[in-house]
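*Asks:* So that we are looking at the same thing, I have put the structure below in structure tokens.
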Amino acid sequence: MSAVSETVTVAEIEGRGRGLVSTQSLKAGQIVLRDSPILLYSALPFINSSSFCHNCFRKTMHSSSSICPSCSVAFCSPKCSTAAASSSHSPYVCQALTRLLNLNSPDAANLPLDRQLQARFLIAAYNLAVVNPSQFQILLAFQGTVTDNDTSAAHYLSSLCPPPASTTIELTAALLAKDRLNAFGLMEPYIEGQDGRRSVRAYGIYLKASFFNHDCLPNACRFDYVDAAAENNTDIIVRMIHDVPQGREICLSYFPVNYDYSTRQKRLLYDYDFACDCDRCKVEANWSDNDNDDENNEEVMDEDQDEQMVASDDDAEVHGDTNFPHAYFFMRYMCDRDNCWGTLAPLPPSDATPSTVMECNVCGNLKNDAIGREDTVGMDD
Ligand SMILES: C[S@@+](CC[C@H](N)C(=O)[O-])C[C@H]1O[C@@H](n2cnc3c(N)ncnc32)[C@H](O)[C@@H]1O
């Protein structure tokens with residue numbers, strides 16, 4: 001076991017690979033991890049590279065912002081532009097992006113967005129191999145088995161954004177597999193009136209946070225504040241949703257908790273290569289409305305139109321109270337703003353006094369925890 005913070009350590013979890021386990025009892029709202037990215041890349045298509053700074057990833061609103069004349073990426077200030085020149089925007093990165101944007105490369109302009117993002121990731125990863133070889137080696141040790149899709153993407157992308165000499169197709173495919181399973185999205189701020197949809201501004205690889213396994217009823221959730229003025233604005237912060245004892249695995253949900261059973265299973269298998277058998281899935285697997293899941297949800301994955309399950313009194317009635325233990329979770333820890341579906345965790349406790357203010361990790365809404373701490377009986381305690 002090796003500690004990644006004062007409160008969590010890496011441990012082997014049966015059937016899940018490595019995971020993070022609490023080394024002490026943890027309180028609701030407690031920060032268990034703050035982690036900085038080793039690599040960040042834009043989630044925007046190549047033709048739209050100027051709405052945020054490609055060094056600090058904050059929105060570019062300053063009059064002092066500048067655009068790289070070669071590859072068109074934007075920086076919010078000369079300070080960020082200079083800092084990037086020796087790290088994320090090295091001559092190699094600039095040349096590779098310029099090549100992709102070049103009008104002589106019509107294939108690149110018409111690349112589907114997922115291929116553009118893979119190209120952005122590979123350029124950032126090859127660059128990491130040069131600017132920080134030890135972090136690159138840790139990235140290579142991440143979970144991620146190469147699939148045929150990774151290999152064909154590696155072949156395709158190697159001609160569009162040639163890797164540094166001596167990089168093999170196998171290495172490129174392995175990198176794509178690591179990214180697929182381990183990247184976190186840094187989200188655009190929530191905007192009211194947009195159906196709760198938030199697009200991803202950038203993807204990041206985080207060494208410690210990549211150890212969090214998934215649970216469909218998580219006990220922790222992560223927050224990011226990318227436009228914050230404070231230093232380390234691209235850090236992700238993981239806070240406990242409720243109290244847990246020492247020795248408990250700390251899990252995140254890899255997507256909003258309101259997705260239905262079938263959608264969750266397909267998404268986890270397709271995107272993360274595993275079949276989930278968490279306590280919630282065990283219960284929902286027996287629900288009769290999952291009988292025809294395959295037929296009913298055939299299109300879901302391709303179109304990325306995830307089915308949503310909304311907790312309601314009806315659900316509890318249909319499935320019976322004892323068969324729907326997570327109704328409590330939805331009521332207390334799911335944001336009730338229209339179409340938000342974020343998860344609520346209390347603000348960090350001050351002086352060991354728990355906060356009664358819950359923060360949504362999607363829309364940022366703060367609300368008073370009306371239910372009260374004594375009502376947590378039956379949760380993961
Ligand atoms: C971000 S990594 C988490 C850390 C990983 N277990 C490791 O050993 O490095 C994601 C991968 O962990 C595994 N995983 C995560 N949650 C799991 C779960 N609930 N059941 C089984 N495997 C899980 C899957 O292989 C998934 O693709």
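Each chain in the structure tokens gets a letter, A, B, ..., in the order shown, and its residues are numbered from 1; ligands are numbered from 1 in order too.
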Show me which residues are within 9 Å of ligand 1 counting only C-alpha atoms and all ligand atoms, and format the list as a tab-separated table (two decimals) with N, CA and C atoms, in the first residue's frame.

*Replies:*
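Final output, saved to pocket-v4.tsv:
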chain	number	residue	atom	x	y	z
A	11	ALA	N	-4.57	0.60	-2.64
A	11	ALA	CA	-4.62	-0.81	-2.22
A	11	ALA	C	-5.18	-1.64	-3.37
A	12	GLU	N	-4.83	-2.91	-3.39
A	12	GLU	CA	-5.40	-3.83	-4.38
A	12	GLU	C	-6.82	-4.16	-3.94
A	13	ILE	N	-7.78	-4.01	-4.84
A	13	ILE	CA	-9.18	-4.30	-4.52
A	13	ILE	C	-9.60	-5.48	-5.41
A	14	GLU	N	-10.14	-6.50	-4.81
A	14	GLU	CA	-10.46	-7.71	-5.59
A	14	GLU	C	-11.38	-7.37	-6.77
A	15	GLY	N	-10.96	-7.78	-7.95
A	15	GLY	CA	-11.78	-7.59	-9.15
A	15	GLY	C	-11.75	-6.18	-9.72
A	16	ARG	N	-11.00	-5.27	-9.09
A	16	ARG	CA	-11.01	-3.88	-9.55
A	16	ARG	C	-9.63	-3.31	-9.81
A	17	GLY	N	-8.59	-4.10	-9.61
A	17	GLY	CA	-7.24	-3.54	-9.72
A	17	GLY	C	-6.94	-2.71	-8.49
A	18	ARG	N	-6.17	-1.64	-8.69
A	18	ARG	CA	-5.87	-0.77	-7.55
A	18	ARG	C	-7.03	0.17	-7.28
A	19	GLY	N	-7.15	0.58	-6.04
A	19	GLY	CA	-8.17	1.56	-5.68
A	19	GLY	C	-7.66	2.37	-4.50
A	20	LEU	N	-8.44	3.34	-4.05
A	20	LEU	CA	-8.04	4.17	-2.91
A	20	LEU	C	-8.90	3.84	-1.70
A	141	ALA	N	2.21	3.22	-16.78
A	141	ALA	CA	1.86	2.14	-15.83
A	141	ALA	C	0.38	2.20	-15.44
A	142	PHE	N	-0.35	3.17	-15.97
A	142	PHE	CA	-1.79	3.26	-15.68
A	142	PHE	C	-2.51	2.03	-16.22
A	143	GLN	N	-3.71	1.81	-15.66
A	143	GLN	CA	-4.59	0.76	-16.17
A	143	GLN	C	-5.01	1.13	-17.60
A	144	GLY	N	-5.16	0.12	-18.47
A	144	GLY	CA	-5.63	0.40	-19.83
A	144	GLY	C	-5.12	-0.64	-20.79
A	145	THR	N	-5.97	-1.57	-21.18
A	145	THR	CA	-5.57	-2.62	-22.12
A	145	THR	C	-5.93	-2.16	-23.53
A	178	LYS	N	-4.61	4.34	-22.21
A	178	LYS	CA	-4.47	5.00	-20.88
A	178	LYS	C	-5.37	6.23	-20.82
A	180	ARG	N	-8.10	6.85	-22.56
A	180	ARG	CA	-9.50	6.45	-22.59
A	180	ARG	C	-10.02	6.11	-21.19
A	181	LEU	N	-9.21	5.44	-20.41
A	181	LEU	CA	-9.67	4.98	-19.10
A	181	LEU	C	-9.41	5.97	-17.97
A	182	ASN	N	-8.49	6.89	-18.17
A	182	ASN	CA	-8.03	7.66	-17.02
A	182	ASN	C	-8.19	9.17	-17.10
A	183	ALA	N	-8.59	9.71	-18.28
A	183	ALA	CA	-8.65	11.17	-18.37
A	183	ALA	C	-9.87	11.73	-17.63
A	184	PHE	N	-9.70	12.85	-16.99
A	184	PHE	CA	-10.80	13.58	-16.35
A	184	PHE	C	-11.14	14.80	-17.21
A	209	ALA	N	-5.42	10.87	-8.74
A	209	ALA	CA	-6.87	10.71	-8.91
A	209	ALA	C	-7.19	9.55	-9.84
A	210	SER	N	-6.23	9.14	-10.66
A	210	SER	CA	-6.51	8.04	-11.60
A	210	SER	C	-6.68	6.71	-10.87
A	211	PHE	N	-6.40	6.68	-9.57
A	211	PHE	CA	-6.60	5.44	-8.80
A	211	PHE	C	-8.04	5.27	-8.32
A	212	PHE	N	-8.87	6.29	-8.46
A	212	PHE	CA	-10.24	6.15	-7.97
A	212	PHE	C	-11.02	5.18	-8.85
A	213	ASN	N	-11.58	4.16	-8.25
A	213	ASN	CA	-12.49	3.28	-8.97
A	213	ASN	C	-13.89	3.88	-8.97
A	214	HIS	N	-14.74	3.24	-9.77
A	214	HIS	CA	-16.12	3.72	-9.94
A	214	HIS	C	-17.08	2.98	-9.02
A	215	ASP	N	-18.10	3.68	-8.54
A	215	ASP	CA	-19.24	3.03	-7.90
A	215	ASP	C	-20.49	3.82	-8.33
A	216	CYS	N	-21.57	3.10	-8.63
A	216	CYS	CA	-22.77	3.80	-9.11
A	216	CYS	C	-23.46	4.56	-7.99
A	251	CYS	N	-14.82	5.77	-3.65
A	251	CYS	CA	-15.13	5.69	-5.09
A	251	CYS	C	-15.84	6.94	-5.58
A	252	LEU	N	-15.61	7.23	-6.85
A	252	LEU	CA	-16.34	8.29	-7.55
A	252	LEU	C	-17.33	7.62	-8.48
A	253	SER	N	-18.30	8.38	-8.97
A	253	SER	CA	-19.07	7.89	-10.11
A	253	SER	C	-18.45	8.51	-11.35
A	254	TYR	N	-18.19	7.70	-12.38
A	254	TYR	CA	-17.53	8.23	-13.57
A	254	TYR	C	-18.47	9.06	-14.45
A	268	LEU	N	-19.90	1.69	-18.96
A	268	LEU	CA	-18.72	1.21	-18.24
A	268	LEU	C	-17.98	0.15	-19.04
A	269	LEU	N	-18.74	-0.70	-19.74
A	269	LEU	CA	-18.11	-1.73	-20.55
A	269	LEU	C	-17.41	-1.11	-21.76
A	271	ASP	N	-16.62	2.23	-22.39
A	271	ASP	CA	-15.60	3.26	-22.15
A	271	ASP	C	-14.52	2.81	-21.18
A	272	TYR	N	-14.87	1.91	-20.24
A	272	TYR	CA	-13.90	1.60	-19.17
A	272	TYR	C	-13.57	0.12	-19.06
A	273	ASP	N	-14.09	-0.68	-19.97
A	273	ASP	CA	-13.70	-2.10	-20.06
A	273	ASP	C	-14.06	-2.94	-18.84
A	274	PHE	N	-15.13	-2.62	-18.12
A	274	PHE	CA	-15.51	-3.55	-17.04
A	274	PHE	C	-17.02	-3.58	-16.87
A	275	ALA	N	-17.47	-4.73	-16.31
A	275	ALA	CA	-18.89	-4.90	-16.00
A	275	ALA	C	-19.06	-4.56	-14.53
A	276	CYS	N	-19.90	-3.61	-14.23
A	276	CYS	CA	-20.04	-3.13	-12.85
A	276	CYS	C	-20.95	-4.08	-12.05
A	277	ASP	N	-20.47	-4.51	-10.88
A	277	ASP	CA	-21.35	-5.30	-10.01
A	277	ASP	C	-21.40	-4.66	-8.61
A	278	CYS	N	-21.48	-3.35	-8.61
A	278	CYS	CA	-21.61	-2.63	-7.32
A	278	CYS	C	-22.97	-2.95	-6.70

*Asks:* Just want the 10 Å neighbourhood of Thr9 in chain A, counted on only C-alpha atoms, with same-chain residues fewer than 2 positions away dropped. Output as a list in words.

*Replies:*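 So the residues in contact are Met1, Ser2, Ala3, Val4, Ser5, Glu6, Thr7, Ala11, Arg18, Gly19, Leu20, Val21, Ser22, Thr23, Lys208, Phe211, Gly247, Glu249 and Ile250 of chain A.
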
*Asks:* Dump as JSON lines the rows for residues of range 175-238 of chain A within 10 Å of range 121-130 of chain A: closest atom pair and distance in Å with one decimal, only C-alpha atoms counted, ordered by chain and rising residue number.

*Replies:*
{"residue": "A:Leu175", "atom": "CA", "partner": "A:Leu122", "partner_atom": "CA", "distance": 7.4}
{"residue": "A:Leu176", "atom": "CA", "partner": "A:Leu122", "partner_atom": "CA", "distance": 7.4}
{"residue": "A:Asp179", "atom": "CA", "partner": "A:Phe121", "partner_atom": "CA", "distance": 7.6}
{"residue": "A:Ala183", "atom": "CA", "partner": "A:Phe121", "partner_atom": "CA", "distance": 9.8}
{"residue": "A:Tyr203", "atom": "CA", "partner": "A:Phe121", "partner_atom": "CA", "distance": 8.4}
{"residue": "A:Gly204", "atom": "CA", "partner": "A:Phe121", "partner_atom": "CA", "distance": 9.1}
{"residue": "A:Ile205", "atom": "CA", "partner": "A:Phe121", "partner_atom": "CA", "distance": 9.8}

*Asks:* Which residues of range 151-245 of chain A sit at most 8 Å from range 48-60 of chain A, using only C-alpha atoms? Give each one's shortest atom pair and distance in Å (one decimal place), in chain and ascending residue order, as CSV.

*Replies:*
residue,atom,partner,partner_atom,distance
A:Ala202,CA,A:Phe57,CA,7.6
A:Val226,CA,A:Arg58,CA,6.1
A:Asp227,CA,A:Arg58,CA,4.8
A:Ala228,CA,A:Arg58,CA,7.7
A:Asn233,CA,A:Cys56,CA,7.6
A:Thr234,CA,A:Phe57,CA,7.4

*Asks:* Given the selection you just returned, output its residues as a file containing N, CA and C atoms, formatted as a short mmCIF file (atom, residue, chain, number, x, y, z; two decimals), in the first residue's frame.

*Replies:*
data_model
loop_
_atom_site.label_atom_id
_atom_site.label_comp_id
_atom_site.auth_asym_id
_atom_site.auth_seq_id
_atom_site.Cartn_x
_atom_site.Cartn_y
_atom_site.Cartn_z
N ALA A 202 -11.41 21.00 -21.24
CA ALA A 202 -10.09 20.37 -21.40
C ALA A 202 -10.12 19.01 -20.72
N VAL A 226 -12.08 25.66 -12.77
CA VAL A 226 -11.03 26.01 -13.74
C VAL A 226 -10.90 27.52 -13.96
N ASP A 227 -12.00 28.28 -13.79
CA ASP A 227 -11.88 29.73 -14.01
C ASP A 227 -11.52 30.50 -12.73
N ALA A 228 -11.27 29.77 -11.64
CA ALA A 228 -10.91 30.46 -10.39
C ALA A 228 -9.60 31.24 -10.59
N ASN A 233 -5.64 26.34 -10.50
CA ASN A 233 -7.06 26.30 -10.88
C ASN A 233 -7.43 25.04 -11.65
N THR A 234 -6.44 24.31 -12.16
CA THR A 234 -6.77 23.08 -12.90
C THR A 234 -6.67 21.84 -12.00
#

*Asks:* Tell me, as JSON, numbers by chain, which residues lie within 9 Å of Glu359 in chain A, counting only C-alpha atoms; anything in the same chain fewer than 4 positions away does not count.

*Replies:* {"A": [335, 343, 344, 345, 346, 347, 363, 364, 365, 366, 367]}

*Asks:* In Å, with one decimal, what is the gap from CA of Ile237 in chain A to CA of Met331 in chain A?

*Replies:*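 It comes out at 23.4 Å.
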
*Asks:* DSSP on the backbone: what in range 92-242 of chain A comes out helix (DSSP H, G or I), as a PyMOL selection string?

*Replies:* chain A and resi 92-101+106-109+113-131+133-140+148-160+169-182+209-211

*Asks:* With distances taken over only C-alpha atoms, which residue among A:Asn149, A:Asn219, A:Ser288, A:Asn368 lies nearest Arg115 in chain A?

*Replies:* A:Asn149

*Asks:* Could you check the closest approach to Ser90 in chain A for each of A:Phe255, A:Val131, A:Ser159, A:Ser65 and tell me which residue wins, using only C-alpha atoms?

*Replies:*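 Residue with the minimum atom-to-atom distance to Ser90 in chain A: A:Val131.
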